[in-house]
Amino acid sequence: MKLLLIGFGFIGRSLVKAIRSKIDLIKQIDQDFKVIGVSDRKGYQYDEEGLNLERLSGIDRLQDYSKAYYEGGSSIELIERCTANLMVEVTPTNIRDGEPGLTHIKEALSRGINVVTSNKGPLVVAFKELSSLAERNSCEFKYEGTVAGAVPIFSLVNECLQGDRIFRISGILNGTTNYILSRMFFEGTSFEIALKEAQERGITEKDPAYDVDGIDAACKVVILANAIMKRDARFGDVKITGIQGITSEAVSSAKRSNYAIKLIGMIEKDLEVAPKLIPVNHPLCIHGTLNAIHLEADLAGELTLIGHGAGKETVSALLNDVLSILRKKVIA
Amino acid sequence: MMFDLTLALADRPGQLLKALEPIAKNGGNIISIIHEREKPTGGYVPVSLVVDFPTDRSFKKALNDLENVDVKVIKSEEVVEKTSVTLILIGKIDVRKILEAKIKDMRITDFEVSAPTSKEACIKMDIEAPTGLINKILEEMKRIADEEKVLLIPSI
C-alpha cells in the first residue's frame, strides 16, 4: 500500500521513525509498502516511488528532506494528486470545527483512501458523518490513538468483546490533570504549583484550560460514547466540571479517608467529566501521567486498561491501526 | 423483597419444619437461618431468618399462614439494602444548609470540617441511604452545592 502522512509535528515525526524501525515487520505483511507523501503546514514532499525513510527520520523540518519540497502546496492538493490508498492524519486537534483534519479525512474517505488518525477534532465534530462516509466508500477508518494514546480500547472492544454490551465506561482520560492531582496527593502541593510544574515539564496544552477545565477529557468521552456505546453524542452533551477549584485541603481530607481525587470521564445514561473520589484500592486509582479506562460489560464484567495517554506512545496505536489495515486489505 | 424474621418455636421436635412450610408455600427463599436451640426461653426457641419473598403480598400471606399454624412471629421487618457514599464539598458553605436540609432517608454517619472560615473551607461527610434512593439524594446534594456555589465531589 502507499501511505500518505498528513502532519509532520511531534507525532508525525515519531511515526516516521517507528515505521522506519519496524519496516521489516511491515514488509512481511505488505512487501510493496511505501510512504509516498508527507505534508506539513507550509507544503509537502512527494515521490510516487516512495520517500527515503532514513532521510525522513533524520529531519525536524519537512523542507530539509529535499529541494523538491512543494512550498505553499496544501495537504488537499497532495491527497488529490497522489495515488495513496492509506492516509495517516495527525494535524493538531481543533474541537471547534475539526479543521483542518476534518476536510483532510473527508477528502481521503470520499476518494476511497483508508484513514488512520489520532486527531480528536474531526471525531468530536463529525463522528457519524465520517463513519458513514467510510462505510459508503468501503474504507477502513481507524482512530485508536484519539483516546488514551497507546491504550488499545477500541481494538479490545471490537475484537475481544464482540458479544458484550458495554453499559458503563469511566476513566482517567487526561494525563495532565492526573499528573497535577497526583502531585497534590503525594506532595501536598497546591493546584497552582502543581500546574506550574506540569507546564515546566511540557505536558500541558498551550492553553492549560484545555486540560484543567476538562475539555480534552470531554472530547474523549464523546468519542467513546459514539464509537463504543453507539450514541450520537456531541461535545455540548457532556456536563463538565474541571479541577481548578480543588484545594490541597480537600485532597488531604480525601487521602485521610483512603480516597484520591481524580478527574473522571463517565459514560452511562448521561455523559460527564468531573472530579470524583476514587478509593485508593480501586483499579482507576493510578497516578502520574497515566490514563485508565474502566469498562463494565454484561458478559465480561469489569475490565480496566491502564497506559500512556499521550506523547510518543500514541505512535503504537497509529502503527497498529496501519498494520491492521495492511493485513485486512493486502492479505485479503 | 428481603425480610428479617424472628420466630418463637415450641421446644419440641418437628416445629421448625412446621414453620418453614408456610414460608416455602408462599415463594419465600431462605437466605439465612439461625436456630438458637441452646437459648430456650419459657419453652420456646428463637429462630432468626432472612427470607426473600417475591412480593409484599406473599410476605403478608406467609405471616398469616404462620399464625394459623400457631407459630409466633416476634419480629418481622423489611431489610433495606443501604449504600454509603463519601462526599467532599469545597468552598465557603453554611454547614447549617446541609444539616437543616433534612434530606429524607439520608443519614450522615461522619462529618469533618477543615478551615471553616476560609474560602478553601472543606467538608467531608459520609452518608448512608437506601441503595435505590442514593442517586436521588446525590442530585439533591448537588442542587444544594450549586445553590451555595461550592464544588461537590462524590465517591464513585
# chains A, B, ... in the order shown; residues from 1 in each chain; ligands from 1
>>> interface_residues(of="chain B", to="chain A", cutoff="7 Å", atoms="only C-alpha atoms", output="ChimeraX atom specification")
/B:90,120,122,124,153-156
>>> residues_around(residues="Phe10 in chain A", least_positions_apart="2", cutoff="9 Å", atoms="only C-alpha atoms", output="ChimeraX atom specification")
/A:7-8,12-15,60,311-312
>>> residues_around(residues="range 11-19 of chain B", least_positions_apart="2", cutoff="8 Å", atoms="only C-alpha atoms", output="PDB file with N, CA and C atoms, in the first residue's frame")
ATOM      1  N   LEU B   9     -40.379 -20.805  68.404  1.00  0.00           N
ATOM      2  CA  LEU B   9     -40.891 -22.170  68.179  1.00  0.00           C
ATOM      3  C   LEU B   9     -40.929 -22.948  69.489  1.00  0.00           C
ATOM      4  N   GLU B  21     -42.811 -24.526  56.294  1.00  0.00           N
ATOM      5  CA  GLU B  21     -43.779 -24.849  55.239  1.00  0.00           C
ATOM      6  C   GLU B  21     -44.554 -23.622  54.728  1.00  0.00           C
ATOM      7  N   PRO B  22     -45.129 -22.771  55.615  1.00  0.00           N
ATOM      8  CA  PRO B  22     -45.850 -21.581  55.095  1.00  0.00           C
ATOM      9  C   PRO B  22     -44.930 -20.611  54.341  1.00  0.00           C
ATOM     10  N   ILE B  23     -43.660 -20.587  54.738  1.00  0.00           N
ATOM     11  CA  ILE B  23     -42.715 -19.686  54.056  1.00  0.00           C
ATOM     12  C   ILE B  23     -42.469 -20.192  52.632  1.00  0.00           C
ATOM     13  N   PRO B  40     -33.381 -21.679  74.913  1.00  0.00           N
ATOM     14  CA  PRO B  40     -34.845 -21.744  75.069  1.00  0.00           C
ATOM     15  C   PRO B  40     -35.317 -20.822  76.198  1.00  0.00           C
ATOM     16  N   GLY B  43     -39.878 -22.341  77.348  1.00  0.00           N
ATOM     17  CA  GLY B  43     -40.319 -23.446  76.491  1.00  0.00           C
ATOM     18  C   GLY B  43     -40.300 -23.125  75.004  1.00  0.00           C
ATOM     19  N   TYR B  44     -39.786 -21.948  74.653  1.00  0.00           N
ATOM     20  CA  TYR B  44     -39.708 -21.574  73.232  1.00  0.00           C
ATOM     21  C   TYR B  44     -38.249 -21.362  72.812  1.00  0.00           C
ATOM     22  N   VAL B  45     -37.967 -21.660  71.537  1.00  0.00           N
ATOM     23  CA  VAL B  45     -36.620 -21.465  70.983  1.00  0.00           C
ATOM     24  C   VAL B  45     -36.705 -20.384  69.908  1.00  0.00           C
ATOM     25  N   LEU B  66     -48.407 -18.499  59.065  1.00  0.00           N
ATOM     26  CA  LEU B  66     -47.616 -18.884  60.240  1.00  0.00           C
ATOM     27  C   LEU B  66     -48.490 -18.808  61.498  1.00  0.00           C
ATOM     28  N   VAL B  69     -50.828 -21.710  61.931  1.00  0.00           N
ATOM     29  CA  VAL B  69     -50.277 -22.988  62.422  1.00  0.00           C
ATOM     30  C   VAL B  69     -49.618 -22.797  63.805  1.00  0.00           C
ATOM     31  N   VAL B  71     -47.461 -20.571  64.964  1.00  0.00           N
ATOM     32  CA  VAL B  71     -46.051 -20.165  65.099  1.00  0.00           C
ATOM     33  C   VAL B  71     -46.057 -18.680  65.435  1.00  0.00           C
TER      34      VAL B  71
END
>>> select_by_dssp(residues="range 192-234 of chain A", states="alpha helix (DSSP H)", output="ChimeraX atom specification")
/A:192-200,209-212,215-227
>>> write_last_selection(atoms="N, CA and C atoms", output="PDB file, in the first residue's frame")
ATOM      1  N   GLU A 192      -2.055  25.409  42.014  1.00  0.00           N
ATOM      2  CA  GLU A 192      -1.282  26.357  41.208  1.00  0.00           C
ATOM      3  C   GLU A 192       0.153  25.869  41.013  1.00  0.00           C
ATOM      4  N   ILE A 193       0.780  25.384  42.095  1.00  0.00           N
ATOM      5  CA  ILE A 193       2.175  24.922  41.979  1.00  0.00           C
ATOM      6  C   ILE A 193       2.258  23.661  41.120  1.00  0.00           C
ATOM      7  N   ALA A 194       1.308  22.755  41.331  1.00  0.00           N
ATOM      8  CA  ALA A 194       1.324  21.510  40.544  1.00  0.00           C
ATOM      9  C   ALA A 194       1.117  21.810  39.057  1.00  0.00           C
ATOM     10  N   LEU A 195       0.269  22.798  38.756  1.00  0.00           N
ATOM     11  CA  LEU A 195       0.044  23.178  37.349  1.00  0.00           C
ATOM     12  C   LEU A 195       1.328  23.759  36.755  1.00  0.00           C
ATOM     13  N   LYS A 196       1.999  24.606  37.556  1.00  0.00           N
ATOM     14  CA  LYS A 196       3.251  25.227  37.080  1.00  0.00           C
ATOM     15  C   LYS A 196       4.288  24.139  36.774  1.00  0.00           C
ATOM     16  N   GLU A 197       4.366  23.151  37.645  1.00  0.00           N
ATOM     17  CA  GLU A 197       5.309  22.037  37.415  1.00  0.00           C
ATOM     18  C   GLU A 197       4.987  21.306  36.112  1.00  0.00           C
ATOM     19  N   ALA A 198       3.686  21.080  35.912  1.00  0.00           N
ATOM     20  CA  ALA A 198       3.257  20.370  34.692  1.00  0.00           C
ATOM     21  C   ALA A 198       3.635  21.191  33.456  1.00  0.00           C
ATOM     22  N   GLN A 199       3.472  22.524  33.555  1.00  0.00           N
ATOM     23  CA  GLN A 199       3.829  23.390  32.419  1.00  0.00           C
ATOM     24  C   GLN A 199       5.332  23.344  32.171  1.00  0.00           C
ATOM     25  N   GLU A 200       6.118  23.364  33.276  1.00  0.00           N
ATOM     26  CA  GLU A 200       7.582  23.315  33.128  1.00  0.00           C
ATOM     27  C   GLU A 200       8.031  21.995  32.499  1.00  0.00           C
ATOM     28  N   ALA A 209      -6.143  25.507  30.109  1.00  0.00           N
ATOM     29  CA  ALA A 209      -7.580  25.336  30.379  1.00  0.00           C
ATOM     30  C   ALA A 209      -8.128  24.121  29.633  1.00  0.00           C
ATOM     31  N   TYR A 210      -7.544  23.827  28.481  1.00  0.00           N
ATOM     32  CA  TYR A 210      -7.965  22.679  27.679  1.00  0.00           C
ATOM     33  C   TYR A 210      -7.862  21.382  28.502  1.00  0.00           C
ATOM     34  N   ASP A 211      -6.836  21.314  29.355  1.00  0.00           N
ATOM     35  CA  ASP A 211      -6.677  20.149  30.238  1.00  0.00           C
ATOM     36  C   ASP A 211      -7.481  20.324  31.525  1.00  0.00           C
ATOM     37  N   VAL A 212      -7.164  21.411  32.273  1.00  0.00           N
ATOM     38  CA  VAL A 212      -7.680  21.507  33.646  1.00  0.00           C
ATOM     39  C   VAL A 212      -9.179  21.812  33.726  1.00  0.00           C
ATOM     40  N   ILE A 215     -11.878  19.954  29.156  1.00  0.00           N
ATOM     41  CA  ILE A 215     -12.299  19.985  27.742  1.00  0.00           C
ATOM     42  C   ILE A 215     -11.735  18.767  26.981  1.00  0.00           C
ATOM     43  N   ASP A 216     -10.441  18.504  27.171  1.00  0.00           N
ATOM     44  CA  ASP A 216      -9.806  17.372  26.487  1.00  0.00           C
ATOM     45  C   ASP A 216     -10.495  16.055  26.885  1.00  0.00           C
ATOM     46  N   ALA A 217     -10.725  15.882  28.178  1.00  0.00           N
ATOM     47  CA  ALA A 217     -11.379  14.645  28.642  1.00  0.00           C
ATOM     48  C   ALA A 217     -12.793  14.536  28.067  1.00  0.00           C
ATOM     49  N   ALA A 218     -13.488  15.667  27.948  1.00  0.00           N
ATOM     50  CA  ALA A 218     -14.855  15.646  27.411  1.00  0.00           C
ATOM     51  C   ALA A 218     -14.856  15.214  25.941  1.00  0.00           C
ATOM     52  N   CYS A 219     -13.836  15.641  25.188  1.00  0.00           N
ATOM     53  CA  CYS A 219     -13.728  15.209  23.771  1.00  0.00           C
ATOM     54  C   CYS A 219     -13.645  13.680  23.716  1.00  0.00           C
ATOM     55  N   LYS A 220     -12.849  13.106  24.616  1.00  0.00           N
ATOM     56  CA  LYS A 220     -12.669  11.649  24.603  1.00  0.00           C
ATOM     57  C   LYS A 220     -13.951  10.934  25.043  1.00  0.00           C
ATOM     58  N   VAL A 221     -14.672  11.553  25.964  1.00  0.00           N
ATOM     59  CA  VAL A 221     -15.969  10.987  26.373  1.00  0.00           C
ATOM     60  C   VAL A 221     -16.908  10.910  25.174  1.00  0.00           C
ATOM     61  N   VAL A 222     -16.923  11.969  24.358  1.00  0.00           N
ATOM     62  CA  VAL A 222     -17.794  11.992  23.170  1.00  0.00           C
ATOM     63  C   VAL A 222     -17.395  10.867  22.211  1.00  0.00           C
ATOM     64  N   ILE A 223     -16.083  10.712  21.986  1.00  0.00           N
ATOM     65  CA  ILE A 223     -15.626   9.675  21.040  1.00  0.00           C
ATOM     66  C   ILE A 223     -15.962   8.274  21.571  1.00  0.00           C
ATOM     67  N   LEU A 224     -15.719   8.047  22.849  1.00  0.00           N
ATOM     68  CA  LEU A 224     -16.034   6.731  23.439  1.00  0.00           C
ATOM     69  C   LEU A 224     -17.531   6.439  23.365  1.00  0.00           C
ATOM     70  N   ALA A 225     -18.333   7.454  23.676  1.00  0.00           N
ATOM     71  CA  ALA A 225     -19.794   7.268  23.660  1.00  0.00           C
ATOM     72  C   ALA A 225     -20.260   6.901  22.256  1.00  0.00           C
ATOM     73  N   ASN A 226     -19.718   7.577  21.251  1.00  0.00           N
ATOM     74  CA  ASN A 226     -20.144   7.318  19.868  1.00  0.00           C
ATOM     75  C   ASN A 226     -19.601   5.989  19.345  1.00  0.00           C
ATOM     76  N   ALA A 227     -18.311   5.745  19.602  1.00  0.00           N
ATOM     77  CA  ALA A 227     -17.670   4.576  18.994  1.00  0.00           C
ATOM     78  C   ALA A 227     -18.020   3.276  19.717  1.00  0.00           C
TER      79      ALA A 227
END
>>> closest_residue(among="A:Phe191, A:Phe185, A:Tyr44, A:Tyr143", to="His287 in chain A", atoms="only C-alpha atoms")
A:Phe185
>>> residues_around(residues="Ile36 in chain A", least_positions_apart="4", cutoff="6 Å", atoms="only C-alpha atoms", output="ChimeraX atom specification")
/A:3-4,46-48,50-51
>>> write_last_selection(atoms="C-alpha atoms", output="mmCIF file, in the first residue's frame")
data_model
loop_
_atom_site.group_PDB
_atom_site.id
_atom_site.type_symbol
_atom_site.label_atom_id
_atom_site.label_comp_id
_atom_site.auth_asym_id
_atom_site.auth_seq_id
_atom_site.Cartn_x
_atom_site.Cartn_y
_atom_site.Cartn_z
ATOM 1 C CA LEU A 3 0.867 5.729 2.646
ATOM 2 C CA LEU A 4 0.334 9.442 2.924
ATOM 3 C CA TYR A 46 6.000 13.755 -2.621
ATOM 4 C CA ASP A 47 7.532 10.857 -4.515
ATOM 5 C CA GLU A 48 5.313 8.234 -6.101
ATOM 6 C CA GLY A 50 8.464 6.162 -2.140
ATOM 7 C CA LEU A 51 10.241 8.625 0.130
#
>>> select_by_dssp(residues="range 27-223 of chain A", states="strand (DSSP E or B)", output="MDAnalysis selection string")
chainID A and resid 34:39 43:46 70:71 86:89 114:117 141:142 166:172
>>> residues_around(residues="Lys142 in chain B", least_positions_apart="6", cutoff="12 Å", atoms="only C-alpha atoms", output="number ranges by chain")
B: 87-89, 98, 135-136, 148-154
>>> closest_residue(among="A:Lys2, A:Arg168, A:Lys34, A:Lys239", to="Arg20 in chain A", atoms="only C-alpha atoms")
A:Lys34
>>> residues_around(residues="Lys102 in chain B", least_positions_apart="3", cutoff="12 Å", atoms="only C-alpha atoms", output="JSON, numbers by chain")
{"B": [96, 97, 98, 99, 105, 106, 107, 108, 137, 140, 141, 144]}
>>> residues_around(residues="Ser32 in chain B", least_positions_apart="6", cutoff="9 Å", atoms="only C-alpha atoms", output="PyMOL selection string")
chain B and resi 48-51
>>> closest_residue(among="B:Thr83, B:Thr6, B:Thr109, B:Ser114", to="Pro130 in chain B", atoms="only C-alpha atoms")
B:Thr83
>>> closest_residue(among="A:Ala233, A:Ile240, A:Ala300, A:Ile169", to="Met266 in chain A", atoms="only C-alpha atoms")
A:Ile169
>>> atom_distance(atom1="CA of Glu302 in chain A", atom2="CA of Arg256 in chain A")
27.1 Å
>>> decode(residues="range 32-67 of chain B", atoms="N, CA and C atoms", output="PDB file, in the first residue's frame")
ATOM      1  N   SER B  32     -30.842 -16.970  55.047  1.00  0.00           N
ATOM      2  CA  SER B  32     -30.080 -17.469  56.202  1.00  0.00           C
ATOM      3  C   SER B  32     -31.043 -17.889  57.308  1.00  0.00           C
ATOM      4  N   ILE B  33     -30.562 -18.793  58.142  1.00  0.00           N
ATOM      5  CA  ILE B  33     -31.401 -19.263  59.255  1.00  0.00           C
ATOM      6  C   ILE B  33     -30.500 -19.581  60.451  1.00  0.00           C
ATOM      7  N   ILE B  34     -30.890 -19.038  61.609  1.00  0.00           N
ATOM      8  CA  ILE B  34     -30.132 -19.343  62.829  1.00  0.00           C
ATOM      9  C   ILE B  34     -31.126 -19.917  63.846  1.00  0.00           C
ATOM     10  N   HIS B  35     -30.903 -21.171  64.192  1.00  0.00           N
ATOM     11  CA  HIS B  35     -31.805 -21.882  65.092  1.00  0.00           C
ATOM     12  C   HIS B  35     -31.085 -21.959  66.442  1.00  0.00           C
ATOM     13  N   GLU B  36     -31.521 -21.101  67.406  1.00  0.00           N
ATOM     14  CA  GLU B  36     -30.769 -20.998  68.662  1.00  0.00           C
ATOM     15  C   GLU B  36     -31.339 -21.965  69.711  1.00  0.00           C
ATOM     16  N   ARG B  37     -31.065 -23.250  69.466  1.00  0.00           N
ATOM     17  CA  ARG B  37     -31.601 -24.304  70.329  1.00  0.00           C
ATOM     18  C   ARG B  37     -31.096 -24.217  71.766  1.00  0.00           C
ATOM     19  N   GLU B  38     -29.901 -23.632  71.921  1.00  0.00           N
ATOM     20  CA  GLU B  38     -29.315 -23.560  73.272  1.00  0.00           C
ATOM     21  C   GLU B  38     -29.882 -22.416  74.107  1.00  0.00           C
ATOM     22  N   LYS B  39     -30.799 -21.604  73.494  1.00  0.00           N
ATOM     23  CA  LYS B  39     -31.345 -20.470  74.249  1.00  0.00           C
ATOM     24  C   LYS B  39     -32.868 -20.574  74.412  1.00  0.00           C
ATOM     25  N   PRO B  40     -33.381 -21.679  74.913  1.00  0.00           N
ATOM     26  CA  PRO B  40     -34.845 -21.744  75.069  1.00  0.00           C
ATOM     27  C   PRO B  40     -35.317 -20.822  76.198  1.00  0.00           C
ATOM     28  N   THR B  41     -36.431 -20.131  75.967  1.00  0.00           N
ATOM     29  CA  THR B  41     -36.983 -19.248  76.997  1.00  0.00           C
ATOM     30  C   THR B  41     -38.461 -19.600  77.149  1.00  0.00           C
ATOM     31  N   GLY B  42     -38.814 -19.986  78.356  1.00  0.00           N
ATOM     32  CA  GLY B  42     -40.220 -20.301  78.623  1.00  0.00           C
ATOM     33  C   GLY B  42     -40.762 -21.387  77.712  1.00  0.00           C
ATOM     34  N   GLY B  43     -39.878 -22.341  77.348  1.00  0.00           N
ATOM     35  CA  GLY B  43     -40.319 -23.446  76.491  1.00  0.00           C
ATOM     36  C   GLY B  43     -40.300 -23.125  75.004  1.00  0.00           C
ATOM     37  N   TYR B  44     -39.786 -21.948  74.653  1.00  0.00           N
ATOM     38  CA  TYR B  44     -39.708 -21.574  73.232  1.00  0.00           C
ATOM     39  C   TYR B  44     -38.249 -21.362  72.812  1.00  0.00           C
ATOM     40  N   VAL B  45     -37.967 -21.660  71.537  1.00  0.00           N
ATOM     41  CA  VAL B  45     -36.620 -21.465  70.983  1.00  0.00           C
ATOM     42  C   VAL B  45     -36.705 -20.384  69.908  1.00  0.00           C
ATOM     43  N   PRO B  46     -35.853 -19.339  69.973  1.00  0.00           N
ATOM     44  CA  PRO B  46     -35.898 -18.315  68.909  1.00  0.00           C
ATOM     45  C   PRO B  46     -35.201 -18.802  67.624  1.00  0.00           C
ATOM     46  N   VAL B  47     -35.836 -18.514  66.503  1.00  0.00           N
ATOM     47  CA  VAL B  47     -35.241 -18.832  65.193  1.00  0.00           C
ATOM     48  C   VAL B  47     -35.243 -17.543  64.369  1.00  0.00           C
ATOM     49  N   SER B  48     -34.030 -17.129  63.937  1.00  0.00           N
ATOM     50  CA  SER B  48     -33.920 -15.903  63.118  1.00  0.00           C
ATOM     51  C   SER B  48     -33.703 -16.284  61.667  1.00  0.00           C
ATOM     52  N   LEU B  49     -34.477 -15.649  60.785  1.00  0.00           N
ATOM     53  CA  LEU B  49     -34.375 -15.959  59.354  1.00  0.00           C
ATOM     54  C   LEU B  49     -34.281 -14.666  58.535  1.00  0.00           C
ATOM     55  N   VAL B  50     -33.552 -14.742  57.426  1.00  0.00           N
ATOM     56  CA  VAL B  50     -33.654 -13.694  56.403  1.00  0.00           C
ATOM     57  C   VAL B  50     -34.254 -14.400  55.193  1.00  0.00           C
ATOM     58  N   VAL B  51     -35.407 -13.875  54.738  1.00  0.00           N
ATOM     59  CA  VAL B  51     -36.141 -14.546  53.653  1.00  0.00           C
ATOM     60  C   VAL B  51     -36.432 -13.555  52.530  1.00  0.00           C
ATOM     61  N   ASP B  52     -36.235 -14.023  51.303  1.00  0.00           N
ATOM     62  CA  ASP B  52     -36.543 -13.198  50.134  1.00  0.00           C
ATOM     63  C   ASP B  52     -37.903 -13.638  49.601  1.00  0.00           C
ATOM     64  N   PHE B  53     -38.902 -12.735  49.694  1.00  0.00           N
ATOM     65  CA  PHE B  53     -40.238 -13.035  49.172  1.00  0.00           C
ATOM     66  C   PHE B  53     -40.439 -12.322  47.832  1.00  0.00           C
ATOM     67  N   PRO B  54     -41.233 -12.950  46.928  1.00  0.00           N
ATOM     68  CA  PRO B  54     -41.431 -12.305  45.621  1.00  0.00           C
ATOM     69  C   PRO B  54     -42.157 -10.962  45.722  1.00  0.00           C
ATOM     70  N   THR B  55     -43.118 -10.848  46.639  1.00  0.00           N
ATOM     71  CA  THR B  55     -43.869  -9.581  46.776  1.00  0.00           C
ATOM     72  C   THR B  55     -44.176  -9.339  48.252  1.00  0.00           C
ATOM     73  N   ASP B  56     -44.631  -8.112  48.524  1.00  0.00           N
ATOM     74  CA  ASP B  56     -45.036  -7.764  49.882  1.00  0.00           C
ATOM     75  C   ASP B  56     -46.266  -8.603  50.270  1.00  0.00           C
ATOM     76  N   ARG B  57     -47.098  -8.861  49.245  1.00  0.00           N
ATOM     77  CA  ARG B  57     -48.326  -9.626  49.487  1.00  0.00           C
ATOM     78  C   ARG B  57     -48.005 -11.067  49.915  1.00  0.00           C
ATOM     79  N   SER B  58     -47.034 -11.675  49.218  1.00  0.00           N
ATOM     80  CA  SER B  58     -46.682 -13.061  49.556  1.00  0.00           C
ATOM     81  C   SER B  58     -46.079 -13.125  50.967  1.00  0.00           C
ATOM     82  N   PHE B  59     -45.362 -12.062  51.352  1.00  0.00           N
ATOM     83  CA  PHE B  59     -44.799 -11.998  52.706  1.00  0.00           C
ATOM     84  C   PHE B  59     -45.919 -11.959  53.759  1.00  0.00           C
ATOM     85  N   LYS B  60     -46.914 -11.078  53.486  1.00  0.00           N
ATOM     86  CA  LYS B  60     -48.017 -10.937  54.454  1.00  0.00           C
ATOM     87  C   LYS B  60     -48.827 -12.227  54.551  1.00  0.00           C
ATOM     88  N   LYS B  61     -48.985 -12.887  53.402  1.00  0.00           N
ATOM     89  CA  LYS B  61     -49.728 -14.151  53.367  1.00  0.00           C
ATOM     90  C   LYS B  61     -48.970 -15.205  54.205  1.00  0.00           C
ATOM     91  N   ALA B  62     -47.653 -15.204  54.077  1.00  0.00           N
ATOM     92  CA  ALA B  62     -46.843 -16.156  54.849  1.00  0.00           C
ATOM     93  C   ALA B  62     -47.000 -15.900  56.350  1.00  0.00           C
ATOM     94  N   LEU B  63     -47.016 -14.600  56.748  1.00  0.00           N
ATOM     95  CA  LEU B  63     -47.202 -14.258  58.174  1.00  0.00           C
ATOM     96  C   LEU B  63     -48.536 -14.793  58.685  1.00  0.00           C
ATOM     97  N   ASN B  64     -49.544 -14.601  57.875  1.00  0.00           N
ATOM     98  CA  ASN B  64     -50.886 -15.059  58.217  1.00  0.00           C
ATOM     99  C   ASN B  64     -50.917 -16.585  58.390  1.00  0.00           C
ATOM    100  N   ASP B  65     -50.287 -17.263  57.433  1.00  0.00           N
ATOM    101  CA  ASP B  65     -50.257 -18.736  57.476  1.00  0.00           C
ATOM    102  C   ASP B  65     -49.464 -19.233  58.691  1.00  0.00           C
ATOM    103  N   LEU B  66     -48.407 -18.499  59.065  1.00  0.00           N
ATOM    104  CA  LEU B  66     -47.616 -18.884  60.240  1.00  0.00           C
ATOM    105  C   LEU B  66     -48.490 -18.808  61.498  1.00  0.00           C
ATOM    106  N   GLU B  67     -49.271 -17.723  61.578  1.00  0.00           N
ATOM    107  CA  GLU B  67     -50.173 -17.571  62.736  1.00  0.00           C
ATOM    108  C   GLU B  67     -51.184 -18.712  62.798  1.00  0.00           C
TER     109      GLU B  67
END
